[in-house]
Amino acid sequence: GGGGGGPSGASTSTRGSRSAADVITNVQSLIGYFDLDPNRVLDLVLEALEAAPGRVAHCRELIGLFNPAYVPHVLGFKFAGYEGEPEATPSSLFVLAAQLLQGGVVTLEQVLPHLVPSLADMQEEYGKYTAARFKEAAAFGRTLLPSSLDGDGDESPAAAAVPPPSTEAAAADAAAAAAAAATEESPTPTGRYQPLGLLRALVDADDWATAERLISLLGPIDAAAFSPVRDSMLSLLERMTDEEYACVVPMYTLSSEAPTDPQPTVAPPSASL
């Protein structure tokens, strides 16, 4: 039955609310009256902010309603839900984490332990990847003769580096290798390697201070070697220099589109006084 001292639907609805204070009051009422799990409510709040990232900056008081020590764990639990899943972590979750970092709600040291793979695993994998690429580069243009292989199929010390059959063939091989390298996907896509996805979101949010700290923690990993991160870095550089550079070289001169209105011709000053 409809028992009596509970909050009515009208009194707890946040629809039409124009201030965070109204939302906070209503959320407190719902948690207290229905004895809701605060962590579950926090998870729903973060999910709502993930869907509307523009409101994160205005909802710090709402997030402050919960124990700040639990915020990194609830956020990390959301990232852990994509571990081992075939689909990549959505960019909206990285944007939410970047905004919480930028707003000081959580710290990088609190978030990183929840991301997969770990920085140590990423560094190990990246080391294997670069070693394999260096090995391929060192073997380019070499031809192993049958006599240079021992019984186990390994290269013997007598193996000689035989030059390519012709200069034209070498040039064609080099061009094909360069084209393959240019079109090859990054070895660690940012959607599946969560630290890189977070780095990209931080750069997109213009939070270079936190992004730089994360880059230093990546150690030997060249973050700019991965195309999504590199593109975000280039966009940030363009935003930083566009205003100053525009007065020297307008952007339209770098593209195929010229301004529709012709620039007025200014006559040179007269030589006479």
# chains A, B, ... in the order shown; residues from 1 in each chain; ligands from 1
>>> residues_around(residues="range 126-133 of chain A", least_positions_apart="4", cutoff="7 Å", atoms="only C-alpha atoms", output="list in words")
Met122, Ala137 and Ile221 of chain A
>>> residues_around(residues="Leu115 in chain A", least_positions_apart="3", cutoff="10 Å", atoms="only C-alpha atoms", output="PyMOL selection string")
chain A and resi 76-80+82-83+111-112+118-119+193-198
>>> residues_around(residues="Asn67 in chain A", least_positions_apart="5", cutoff="12 Å", atoms="only C-alpha atoms", output="count of residues only")
11
>>> closest_residue(among="A:Gly54, A:Arg192, A:Gln102, A:Val23", to="Trp208 in chain A", atoms="only C-alpha atoms")
A:Gln102
>>> residues_around(residues="Leu49 in chain A", least_positions_apart="2", cutoff="12 Å", atoms="only C-alpha atoms", output="PDB file with N, CA and C atoms, in the first residue's frame")
ATOM      1  N   LEU A  42      26.467   6.179  -6.734  1.00  0.00           N
ATOM      2  CA  LEU A  42      27.613   6.850  -7.348  1.00  0.00           C
ATOM      3  C   LEU A  42      27.865   6.302  -8.752  1.00  0.00           C
ATOM      4  N   ASP A  43      27.753   5.002  -8.916  1.00  0.00           N
ATOM      5  CA  ASP A  43      27.928   4.398 -10.229  1.00  0.00           C
ATOM      6  C   ASP A  43      26.910   4.955 -11.222  1.00  0.00           C
ATOM      7  N   LEU A  44      25.670   5.137 -10.776  1.00  0.00           N
ATOM      8  CA  LEU A  44      24.636   5.694 -11.653  1.00  0.00           C
ATOM      9  C   LEU A  44      24.917   7.164 -11.972  1.00  0.00           C
ATOM     10  N   VAL A  45      25.436   7.891 -10.985  1.00  0.00           N
ATOM     11  CA  VAL A  45      25.781   9.301 -11.214  1.00  0.00           C
ATOM     12  C   VAL A  45      26.889   9.406 -12.257  1.00  0.00           C
ATOM     13  N   LEU A  46      27.924   8.559 -12.134  1.00  0.00           N
ATOM     14  CA  LEU A  46      29.016   8.584 -13.105  1.00  0.00           C
ATOM     15  C   LEU A  46      28.529   8.166 -14.490  1.00  0.00           C
ATOM     16  N   GLU A  47      27.608   7.216 -14.516  1.00  0.00           N
ATOM     17  CA  GLU A  47      27.060   6.795 -15.805  1.00  0.00           C
ATOM     18  C   GLU A  47      26.291   7.931 -16.466  1.00  0.00           C
ATOM     19  N   ALA A  51      27.298  10.101 -20.022  1.00  0.00           N
ATOM     20  CA  ALA A  51      26.406  10.392 -21.136  1.00  0.00           C
ATOM     21  C   ALA A  51      26.283  11.886 -21.409  1.00  0.00           C
ATOM     22  N   ALA A  52      26.585  12.712 -20.404  1.00  0.00           N
ATOM     23  CA  ALA A  52      26.508  14.171 -20.556  1.00  0.00           C
ATOM     24  C   ALA A  52      27.783  14.783 -20.003  1.00  0.00           C
ATOM     25  N   PRO A  53      28.927  14.611 -20.697  1.00  0.00           N
ATOM     26  CA  PRO A  53      30.218  15.061 -20.154  1.00  0.00           C
ATOM     27  C   PRO A  53      30.288  16.554 -19.910  1.00  0.00           C
ATOM     28  N   GLY A  54      29.452  17.342 -20.585  1.00  0.00           N
ATOM     29  CA  GLY A  54      29.490  18.779 -20.376  1.00  0.00           C
ATOM     30  C   GLY A  54      29.035  19.211 -18.998  1.00  0.00           C
ATOM     31  N   ARG A  55      28.421  18.308 -18.244  1.00  0.00           N
ATOM     32  CA  ARG A  55      27.918  18.666 -16.915  1.00  0.00           C
ATOM     33  C   ARG A  55      28.861  18.263 -15.786  1.00  0.00           C
ATOM     34  N   VAL A  56      29.969  17.618 -16.129  1.00  0.00           N
ATOM     35  CA  VAL A  56      30.879  17.153 -15.080  1.00  0.00           C
ATOM     36  C   VAL A  56      31.393  18.315 -14.254  1.00  0.00           C
ATOM     37  N   ALA A  57      31.780  19.404 -14.928  1.00  0.00           N
ATOM     38  CA  ALA A  57      32.339  20.549 -14.212  1.00  0.00           C
ATOM     39  C   ALA A  57      31.334  21.179 -13.259  1.00  0.00           C
ATOM     40  N   HIS A  58      30.031  21.013 -13.524  1.00  0.00           N
ATOM     41  CA  HIS A  58      29.005  21.630 -12.688  1.00  0.00           C
ATOM     42  C   HIS A  58      28.468  20.682 -11.621  1.00  0.00           C
ATOM     43  N   CYS A  59      28.991  19.466 -11.590  1.00  0.00           N
ATOM     44  CA  CYS A  59      28.441  18.463 -10.656  1.00  0.00           C
ATOM     45  C   CYS A  59      29.466  17.998  -9.634  1.00  0.00           C
ATOM     46  N   ARG A  60      30.493  18.795  -9.407  1.00  0.00           N
ATOM     47  CA  ARG A  60      31.485  18.398  -8.407  1.00  0.00           C
ATOM     48  C   ARG A  60      30.862  18.311  -7.020  1.00  0.00           C
ATOM     49  N   LEU A  62      27.833  17.408  -6.386  1.00  0.00           N
ATOM     50  CA  LEU A  62      27.071  16.157  -6.354  1.00  0.00           C
ATOM     51  C   LEU A  62      27.999  14.970  -6.126  1.00  0.00           C
ATOM     52  N   ILE A  63      29.144  14.942  -6.824  1.00  0.00           N
ATOM     53  CA  ILE A  63      30.113  13.859  -6.613  1.00  0.00           C
ATOM     54  C   ILE A  63      30.686  13.931  -5.200  1.00  0.00           C
ATOM     55  N   LEU A  75      34.989   4.190 -10.484  1.00  0.00           N
ATOM     56  CA  LEU A  75      35.412   4.500 -11.845  1.00  0.00           C
ATOM     57  C   LEU A  75      36.235   3.349 -12.419  1.00  0.00           C
ATOM     58  N   SER A  92      33.777   7.628 -24.455  1.00  0.00           N
ATOM     59  CA  SER A  92      33.059   8.430 -23.470  1.00  0.00           C
ATOM     60  C   SER A  92      33.564   8.170 -22.057  1.00  0.00           C
ATOM     61  N   LEU A  93      34.002   6.947 -21.779  1.00  0.00           N
ATOM     62  CA  LEU A  93      34.520   6.635 -20.443  1.00  0.00           C
ATOM     63  C   LEU A  93      35.874   7.293 -20.233  1.00  0.00           C
ATOM     64  N   PHE A  94      36.698   7.334 -21.273  1.00  0.00           N
ATOM     65  CA  PHE A  94      37.980   8.033 -21.171  1.00  0.00           C
ATOM     66  C   PHE A  94      37.761   9.531 -20.960  1.00  0.00           C
ATOM     67  N   VAL A  95      36.784  10.096 -21.644  1.00  0.00           N
ATOM     68  CA  VAL A  95      36.476  11.522 -21.487  1.00  0.00           C
ATOM     69  C   VAL A  95      36.041  11.806 -20.057  1.00  0.00           C
ATOM     70  N   LEU A  96      35.200  10.940 -19.495  1.00  0.00           N
ATOM     71  CA  LEU A  96      34.758  11.118 -18.111  1.00  0.00           C
ATOM     72  C   LEU A  96      35.947  11.075 -17.157  1.00  0.00           C
ATOM     73  N   ALA A  97      36.822  10.083 -17.323  1.00  0.00           N
ATOM     74  CA  ALA A  97      37.990   9.969 -16.442  1.00  0.00           C
ATOM     75  C   ALA A  97      38.890  11.190 -16.576  1.00  0.00           C
ATOM     76  N   GLN A  99      38.052  14.228 -17.384  1.00  0.00           N
ATOM     77  CA  GLN A  99      37.425  15.388 -16.750  1.00  0.00           C
ATOM     78  C   GLN A  99      37.478  15.289 -15.231  1.00  0.00           C
ATOM     79  N   LEU A 100      37.333  14.097 -14.692  1.00  0.00           N
ATOM     80  CA  LEU A 100      37.462  13.933 -13.244  1.00  0.00           C
ATOM     81  C   LEU A 100      38.888  14.216 -12.795  1.00  0.00           C
TER      82      LEU A 100
END
